[in-house]
>>> print(open('run-v6.cif').read())   # mmCIF, C-alpha atoms and all ligand atoms
data_upload
#
loop_
_atom_site.label_atom_id
_atom_site.label_comp_id
_atom_site.auth_asym_id
_atom_site.auth_seq_id
_atom_site.Cartn_x
_atom_site.Cartn_y
_atom_site.Cartn_z
CA MET A 246 55.34 -29.03 -9.50
CA LYS A 247 53.59 -28.97 -12.83
CA LEU A 248 52.08 -32.38 -12.15
CA ARG A 249 50.74 -31.23 -8.80
CA THR A 250 49.14 -28.18 -10.42
CA THR A 251 47.44 -30.40 -12.96
CA PHE A 252 45.97 -32.59 -10.25
CA ALA A 253 44.75 -29.55 -8.35
CA PHE A 254 43.00 -28.31 -11.48
CA ILE A 255 41.30 -31.65 -12.04
CA ALA A 256 40.08 -31.72 -8.44
CA LEU A 257 38.66 -28.22 -8.78
CA ALA A 258 36.92 -29.06 -12.04
CA ALA A 259 35.40 -32.20 -10.51
CA SER A 260 34.00 -30.33 -7.52
CA ALA A 261 32.58 -27.57 -9.71
CA SER A 262 30.49 -29.90 -11.83
CA ALA A 263 28.08 -31.69 -9.56
CA ALA A 264 26.88 -34.98 -10.84
CA LEU A 265 23.11 -35.16 -10.99
CA ILE A 266 22.27 -37.93 -13.45
CA ASN A 267 19.71 -37.29 -16.19
CA GLY A 268 18.67 -33.91 -14.80
CA SER A 269 17.37 -33.00 -18.25
CA PHE A 270 15.17 -36.12 -18.39
CA GLU A 271 16.45 -37.07 -21.84
CA SER A 272 16.36 -40.78 -20.92
CA PRO A 273 14.60 -43.18 -21.39
CA ALA A 274 13.80 -42.00 -24.89
CA GLY A 275 12.42 -44.96 -26.84
CA LEU A 276 8.80 -43.82 -27.13
CA PRO A 277 7.25 -40.33 -27.20
CA LEU A 278 5.94 -41.08 -23.69
CA GLU A 279 8.20 -43.28 -21.55
CA LEU A 280 6.54 -44.36 -18.30
CA VAL A 281 8.90 -44.94 -15.37
CA ASP A 282 7.87 -46.39 -12.02
CA SER A 283 9.59 -48.26 -9.20
CA THR A 284 9.82 -51.43 -11.28
CA ASN A 285 10.59 -50.07 -14.75
CA ASP A 286 13.52 -48.38 -16.46
CA GLU A 287 15.13 -46.90 -13.38
CA GLY A 288 18.58 -47.70 -14.70
CA ALA A 289 18.11 -45.51 -17.76
CA PHE A 290 16.18 -42.92 -15.77
CA GLY A 291 18.87 -42.33 -13.16
CA TRP A 292 16.42 -41.16 -10.49
CA THR A 293 14.71 -43.43 -7.96
CA VAL A 294 10.92 -43.48 -8.31
CA VAL A 295 9.94 -43.60 -4.64
CA SER A 296 6.21 -43.82 -5.37
CA GLY A 297 3.72 -43.39 -8.19
CA SER A 298 4.99 -43.03 -11.74
CA VAL A 299 6.44 -40.39 -14.04
CA GLU A 300 7.01 -40.00 -17.75
CA THR A 301 9.77 -38.58 -19.91
CA VAL A 302 7.99 -36.81 -22.76
CA ALA A 303 9.30 -36.05 -26.25
CA ASN A 304 8.97 -32.65 -27.86
CA ASN A 305 5.73 -31.91 -29.71
CA LEU A 306 3.80 -34.81 -28.16
CA ASN A 307 0.51 -35.43 -30.00
CA GLY A 308 1.21 -32.50 -32.31
CA SER A 309 1.42 -30.00 -29.45
CA ASP A 310 3.73 -26.99 -29.40
CA LEU A 311 5.15 -28.17 -26.10
CA VAL A 312 8.93 -28.50 -26.21
CA ALA A 313 11.62 -29.02 -23.59
CA GLU A 314 13.60 -26.12 -22.16
CA ASP A 315 16.75 -28.21 -22.53
CA GLY A 316 17.29 -31.00 -25.04
CA VAL A 317 14.36 -32.83 -26.63
CA ARG A 318 12.56 -34.34 -23.62
CA TYR A 319 11.17 -33.20 -20.25
CA LEU A 320 9.45 -34.88 -17.30
CA ASP A 321 5.76 -35.17 -16.46
CA LEU A 322 5.87 -35.75 -12.70
CA ASP A 323 2.54 -37.62 -12.90
CA GLY A 324 2.70 -40.72 -15.08
CA PHE A 325 -0.43 -42.72 -14.32
CA SER A 326 -0.43 -41.28 -10.79
CA GLY A 327 1.40 -38.58 -8.85
CA GLY A 328 5.10 -39.35 -8.84
CA HIS A 329 7.85 -38.94 -6.24
CA ILE A 330 11.41 -39.06 -7.58
CA SER A 331 14.66 -38.82 -5.65
CA GLN A 332 18.37 -38.68 -6.37
CA SER A 333 21.36 -38.47 -4.03
CA MET A 334 24.51 -36.58 -4.90
CA ALA A 335 27.96 -36.43 -3.38
CA THR A 336 28.38 -33.07 -1.65
CA VAL A 337 31.18 -31.38 0.28
CA ILE A 338 30.27 -30.48 3.86
CA GLY A 339 30.18 -26.71 4.30
CA GLN A 340 30.09 -26.01 0.57
CA THR A 341 27.30 -23.83 -0.81
CA TYR A 342 25.30 -25.34 -3.67
CA LEU A 343 22.70 -24.00 -6.04
CA LEU A 344 19.78 -26.16 -7.14
CA THR A 345 18.21 -24.92 -10.36
CA PHE A 346 15.54 -26.24 -12.72
CA VAL A 347 12.54 -25.08 -14.73
CA TYR A 348 8.91 -26.07 -14.28
CA SER A 349 5.73 -25.62 -16.25
CA ASN A 350 2.05 -26.30 -15.92
CA ASN A 351 0.71 -29.22 -17.91
CA PRO A 352 -1.61 -28.33 -20.79
CA PHE A 353 -2.59 -31.87 -21.67
CA PRO A 354 -6.19 -33.08 -21.01
CA GLY A 355 -6.56 -35.04 -17.79
CA SER A 356 -3.84 -33.11 -16.01
CA THR A 357 -4.18 -31.92 -12.44
CA ILE A 358 -4.73 -28.15 -12.28
CA PRO A 359 -2.99 -26.48 -10.67
CA ALA A 360 -0.06 -28.81 -11.12
CA GLY A 361 2.25 -28.77 -8.13
CA ALA A 362 4.99 -30.51 -6.21
CA ASP A 363 7.21 -30.26 -3.18
CA VAL A 364 10.90 -29.72 -3.87
CA GLN A 365 12.84 -31.26 -1.01
CA LEU A 366 16.51 -31.24 -0.08
CA SER A 367 17.56 -33.70 2.59
CA ASP A 368 20.51 -35.60 4.00
CA ALA A 369 21.31 -38.10 6.76
CA GLN A 370 20.37 -35.47 9.36
CA GLY A 371 16.90 -35.05 7.87
CA VAL A 372 15.18 -32.45 5.74
CA ILE A 373 17.24 -29.35 4.86
CA GLY A 374 14.31 -27.54 3.27
CA VAL A 375 11.03 -28.08 1.42
CA ASN A 376 9.40 -25.65 -1.00
CA ALA A 377 6.16 -26.00 -2.92
CA ILE A 378 6.08 -25.16 -6.61
CA PHE A 379 2.75 -24.86 -8.40
CA HIS A 380 0.93 -23.19 -11.24
CA ASP A 381 -2.32 -21.43 -10.49
CA THR A 382 -3.12 -20.95 -14.16
CA ALA A 383 -5.47 -23.21 -16.07
CA ALA A 384 -4.16 -25.34 -18.89
CA ILE A 385 -2.66 -23.25 -21.64
CA ALA A 386 -3.01 -23.69 -25.35
CA GLY A 387 0.28 -24.14 -27.08
CA GLY A 388 3.67 -24.35 -25.44
CA ALA A 389 4.99 -24.72 -21.94
CA ASP A 390 5.44 -21.73 -19.65
CA TRP A 391 8.82 -22.80 -18.32
CA THR A 392 9.54 -20.93 -15.10
CA PRO A 393 13.00 -20.86 -13.51
CA TYR A 394 13.58 -21.98 -9.92
CA SER A 395 16.74 -21.59 -7.87
CA GLN A 396 17.59 -22.46 -4.29
CA MET A 397 20.84 -22.20 -2.40
CA PHE A 398 21.83 -24.38 0.51
CA VAL A 399 24.90 -25.41 2.46
CA ALA A 400 25.71 -29.13 2.45
CA ARG A 401 25.76 -30.70 5.92
CA GLU A 402 26.73 -34.20 4.84
CA ALA A 403 28.81 -35.95 2.18
CA SER A 404 25.61 -36.86 0.37
CA THR A 405 22.49 -34.74 -0.29
CA SER A 406 19.20 -35.89 -1.81
CA VAL A 407 16.97 -33.92 -4.17
CA ASP A 408 13.30 -35.01 -4.25
CA PHE A 409 10.32 -33.90 -6.33
CA ILE A 410 7.04 -35.01 -4.74
CA SER A 411 3.90 -34.46 -6.82
CA PHE A 412 0.65 -33.11 -5.39
CA GLY A 413 -1.17 -34.97 -8.17
CA GLY A 414 -2.42 -37.97 -6.21
CA GLY A 415 -3.36 -41.46 -7.30
CA ALA A 416 -5.66 -40.60 -10.20
CA SER A 417 -3.64 -37.87 -11.88
CA LEU A 418 -2.52 -38.52 -15.44
CA GLY A 419 -0.63 -35.25 -15.79
CA GLY A 420 1.35 -33.22 -13.31
CA ILE A 421 3.86 -30.44 -13.18
CA LEU A 422 6.49 -30.54 -15.92
CA LEU A 423 10.19 -30.41 -15.05
CA ASP A 424 13.41 -29.94 -17.01
CA ALA A 425 17.04 -28.91 -16.70
CA VAL A 426 17.58 -29.93 -13.07
CA SER A 427 21.12 -29.05 -11.97
CA LEU A 428 22.93 -28.99 -8.66
CA ASP A 429 26.12 -26.96 -8.84
CA VAL A 430 28.71 -25.50 -6.53
CA SER A 431 27.78 -21.88 -5.86
CA PRO A 432 30.41 -19.13 -5.79
CA ILE A 433 28.31 -17.38 -3.14
CA VAL A 434 29.22 -18.35 0.42
CA ILE A 435 26.48 -18.58 3.02
CA PRO A 436 28.06 -17.81 6.44
CA GLU A 437 26.16 -20.36 8.51
CA PRO A 438 23.91 -23.31 7.67
CA SER A 439 21.30 -21.78 9.97
CA THR A 440 20.86 -18.88 7.56
CA PHE A 441 19.15 -21.18 5.05
CA GLY A 442 15.81 -19.62 5.94
CA LEU A 443 17.09 -16.12 5.19
CA VAL A 444 18.38 -17.21 1.82
CA MET A 445 15.04 -18.82 1.03
CA ALA A 446 13.26 -15.62 2.05
CA ALA A 447 15.36 -13.75 -0.49
CA VAL A 448 14.62 -16.32 -3.18
CA GLY A 449 10.93 -16.13 -2.27
CA LEU A 450 10.90 -12.38 -2.81
CA VAL A 451 12.33 -12.86 -6.26
CA MET A 452 9.71 -15.43 -7.11
CA ILE A 453 6.71 -13.43 -5.82
CA GLY A 454 4.92 -11.71 -8.63
CA ARG A 455 5.35 -14.48 -11.11
CA LYS A 456 2.21 -16.22 -12.30
CA SER A 457 3.72 -19.34 -10.85
CA GLY A 458 4.49 -19.33 -7.18
CA VAL A 459 6.91 -20.66 -4.67
CA ARG A 460 5.53 -21.00 -1.19
CA ARG A 461 7.92 -21.33 1.71
CA LYS A 462 7.28 -24.30 3.95
CA LEU A 463 10.30 -24.15 6.23
CA CA A 501 15.36 -32.08 -21.23
CA CA A 502 1.25 -38.37 -17.53
#
>>> encode(input="run-v6.cif", output="structure tokens", more="lines below")
Ligand SMILES: [Ca+2]
Ligand SMILES: [Ca+2]
Amino acid sequence: MKLRTTFAFIALAASASAALINGSFESPAGLPLELVDSTNDEGAFGWTVVSGSVETVANNLNGSDLVAEDGVRYLDLDGFSGGHISQSMATVIGQTYLLTFVYSNNPFPGSTIPAGADVQLSDAQGVIGVNAIFHDTAAIAGGADWTPYSQMFVAREASTSVDFISFGGGASLGGILLDAVSLDVSPIVIPEPSTFGLVMAAVGLVMIGRKSGVRRKL
């Protein structure tokens, strides 16, 4: 009986800690700027670079005050061009999950302003939801203006993909900055998958009024 209880606890712990790899973009970490594209470093990066390129960036790059929200590195979604990254995670059908991360505009010269990206959740059935994140402020002097983002959804398949798709385009050297991406089991239960839009409306209301916006694109 005790053994069974132990196994049950382990199963619960495993399901509660979803397994996004390198959500804090701490790797690769060899150089202050580590460029990652579809042919380079994807093993250490953990995410698939679908198109373009991205960079993990060390704290205080070029003497700036810009530091990560979590750890000592963050992601510039535009490396030498607008990047699109993707990662699939095992999910339990019918379970509610919470996607969270922080994003910032990019104060470095040559960056696209406003910096922006689509945040997409999808599975074998297709797109679950897409939201645009962007900063309408000009480049700031000093540090990052990390802004929290959260989005709930109900898994429809045993695997769900998280994608960040830059608006930066082919010539952009700097895009939106990302850090602390996490996909966790949510204690809040959404009654039906079809209520995703209602949940997003609620999240949208919370986000309105910030200097950085979330625009619904459902
Ligand atoms: Ca980090
Ligand atoms: Ca860059």
>>> residues_near_point(input="run-v6.cif", point="(4.2, -34.8, -14.0)", cutoff="12 Å", atoms="all atoms listed in the file", output="VMD selection string")
chain A and resid 270 278 280 to 281 297 to 302 319 to 330 348 to 353 355 to 362 379 409 to 414 417 to 424
>>> residues_near_ligand(input="run-v6.cif", ligand="ligand CA 501 (chain A)", cutoff="6 Å", atoms="all atoms listed in the file", output="PyMOL selection string")
chain A and resi 269-271+313+315-319+424-425
>>> atom_distance(input="run-v6.cif", atom1="atom CA of Val372 of chain A", atom2="atom CA of Val294 of chain A")
18.4 Å
>>> closest_residue(input="run-v6.cif", among="A:Asn304, A:Val312, A:Pro354, A:Gln365", to="Trp391 of chain A", atoms="only C-alpha atoms")
A:Val312
>>> closest_residue(input="run-v6.cif", among="A:Ser406, A:Leu306, A:Asp286, A:Gly268", to="ligand CA 502 (chain A)", atoms="only C-alpha atoms and all ligand atoms")
A:Leu306
>>> atom_distance(input="run-v6.cif", atom1="atom CA of Asp363 of chain A", atom2="atom CA of Gln396 of chain A")
13.0 Å
>>> residues_around(input="run-v6.cif", residues="segment 331-338 of chain A", least_positions_apart="5", cutoff="8 Å", atoms="only C-alpha atoms", output="mmCIF file with C-alpha atoms, keeping the file's coordinate frame")
data_model
loop_
_atom_site.group_PDB
_atom_site.id
_atom_site.type_symbol
_atom_site.label_atom_id
_atom_site.label_comp_id
_atom_site.auth_asym_id
_atom_site.auth_seq_id
_atom_site.Cartn_x
_atom_site.Cartn_y
_atom_site.Cartn_z
ATOM 1 C CA ALA A 263 28.080 -31.690 -9.560
ATOM 2 C CA ALA A 264 26.880 -34.980 -10.840
ATOM 3 C CA LEU A 265 23.110 -35.160 -10.990
ATOM 4 C CA GLY A 291 18.870 -42.330 -13.160
ATOM 5 C CA TRP A 292 16.420 -41.160 -10.490
ATOM 6 C CA THR A 293 14.710 -43.430 -7.960
ATOM 7 C CA VAL A 294 10.920 -43.480 -8.310
ATOM 8 C CA VAL A 295 9.940 -43.600 -4.640
ATOM 9 C CA VAL A 399 24.900 -25.410 2.460
ATOM 10 C CA ALA A 400 25.710 -29.130 2.450
ATOM 11 C CA ARG A 401 25.760 -30.700 5.920
ATOM 12 C CA GLU A 402 26.730 -34.200 4.840
ATOM 13 C CA ALA A 403 28.810 -35.950 2.180
ATOM 14 C CA SER A 404 25.610 -36.860 0.370
ATOM 15 C CA THR A 405 22.490 -34.740 -0.290
ATOM 16 C CA SER A 406 19.200 -35.890 -1.810
ATOM 17 C CA VAL A 407 16.970 -33.920 -4.170
ATOM 18 C CA ASP A 408 13.300 -35.010 -4.250
ATOM 19 C CA PHE A 409 10.320 -33.900 -6.330
#
>>> atom_distance(input="run-v6.cif", atom1="atom CA of Val430 of chain A", atom2="atom CA of Leu343 of chain A")
6.2 Å
>>> closest_residue(input="run-v6.cif", among="A:Ala369, A:Ile266, A:Leu311, A:Val375", to="Ser427 of chain A", atoms="all atoms listed in the file")
A:Ile266
>>> closest_residue(input="run-v6.cif", among="A:Val434, A:Asp368, A:Pro273, A:Thr341", to="Glu287 of chain A", atoms="only C-alpha atoms")
A:Pro273
>>> closest_residue(input="run-v6.cif", among="A:Ala389, A:Ala274, A:Val426, A:Met397", to="Asp310 of chain A", atoms="all atoms listed in the file")
A:Ala389
>>> build_atoms(input="run-v6.cif", residues="segment 419-433 of chain A", atoms="N, CA and C atoms", output="mmCIF file, in the frame of the given file")
data_model
loop_
_atom_site.group_PDB
_atom_site.id
_atom_site.type_symbol
_atom_site.label_atom_id
_atom_site.label_comp_id
_atom_site.auth_asym_id
_atom_site.auth_seq_id
_atom_site.Cartn_x
_atom_site.Cartn_y
_atom_site.Cartn_z
ATOM 1 N N GLY A 419 -1.578 -36.278 -15.387
ATOM 2 C CA GLY A 419 -0.630 -35.250 -15.790
ATOM 3 C C GLY A 419 -0.322 -34.334 -14.625
ATOM 4 N N GLY A 420 0.940 -34.087 -14.407
ATOM 5 C CA GLY A 420 1.350 -33.220 -13.310
ATOM 6 C C GLY A 420 2.270 -32.127 -13.783
ATOM 7 N N ILE A 421 2.961 -31.535 -12.831
ATOM 8 C CA ILE A 421 3.860 -30.440 -13.180
ATOM 9 C C ILE A 421 4.986 -30.985 -14.078
ATOM 10 N N LEU A 422 5.421 -30.148 -14.998
ATOM 11 C CA LEU A 422 6.490 -30.540 -15.920
ATOM 12 C C LEU A 422 7.818 -29.984 -15.422
ATOM 13 N N LEU A 423 8.868 -30.784 -15.546
ATOM 14 C CA LEU A 423 10.190 -30.410 -15.050
ATOM 15 C C LEU A 423 11.239 -30.604 -16.137
ATOM 16 N N ASP A 424 12.286 -29.760 -16.086
ATOM 17 C CA ASP A 424 13.410 -29.940 -17.010
ATOM 18 C C ASP A 424 14.642 -29.226 -16.447
ATOM 19 N N ALA A 425 15.776 -29.602 -16.963
ATOM 20 C CA ALA A 425 17.040 -28.910 -16.700
ATOM 21 C C ALA A 425 17.381 -28.804 -15.210
ATOM 22 N N VAL A 426 17.229 -29.920 -14.486
ATOM 23 C CA VAL A 426 17.580 -29.930 -13.070
ATOM 24 C C VAL A 426 19.100 -30.000 -12.916
ATOM 25 N N SER A 427 19.666 -29.079 -12.147
ATOM 26 C CA SER A 427 21.120 -29.050 -11.970
ATOM 27 C C SER A 427 21.443 -28.682 -10.531
ATOM 28 N N LEU A 428 22.461 -29.301 -10.007
ATOM 29 C CA LEU A 428 22.930 -28.990 -8.660
ATOM 30 C C LEU A 428 24.410 -28.677 -8.756
ATOM 31 N N ASP A 429 24.752 -27.410 -8.589
ATOM 32 C CA ASP A 429 26.120 -26.960 -8.840
ATOM 33 C C ASP A 429 26.703 -26.251 -7.632
ATOM 34 N N VAL A 430 28.011 -26.279 -7.551
ATOM 35 C CA VAL A 430 28.710 -25.500 -6.530
ATOM 36 C C VAL A 430 28.446 -24.026 -6.788
ATOM 37 N N SER A 431 28.063 -23.310 -5.719
ATOM 38 C CA SER A 431 27.780 -21.880 -5.860
ATOM 39 C C SER A 431 28.987 -21.059 -5.444
ATOM 40 N N PRO A 432 29.301 -20.011 -6.193
ATOM 41 C CA PRO A 432 30.410 -19.130 -5.790
ATOM 42 C C PRO A 432 30.039 -18.270 -4.597
ATOM 43 N N ILE A 433 28.754 -18.198 -4.272
ATOM 44 C CA ILE A 433 28.310 -17.380 -3.140
ATOM 45 C C ILE A 433 28.408 -18.200 -1.858
#
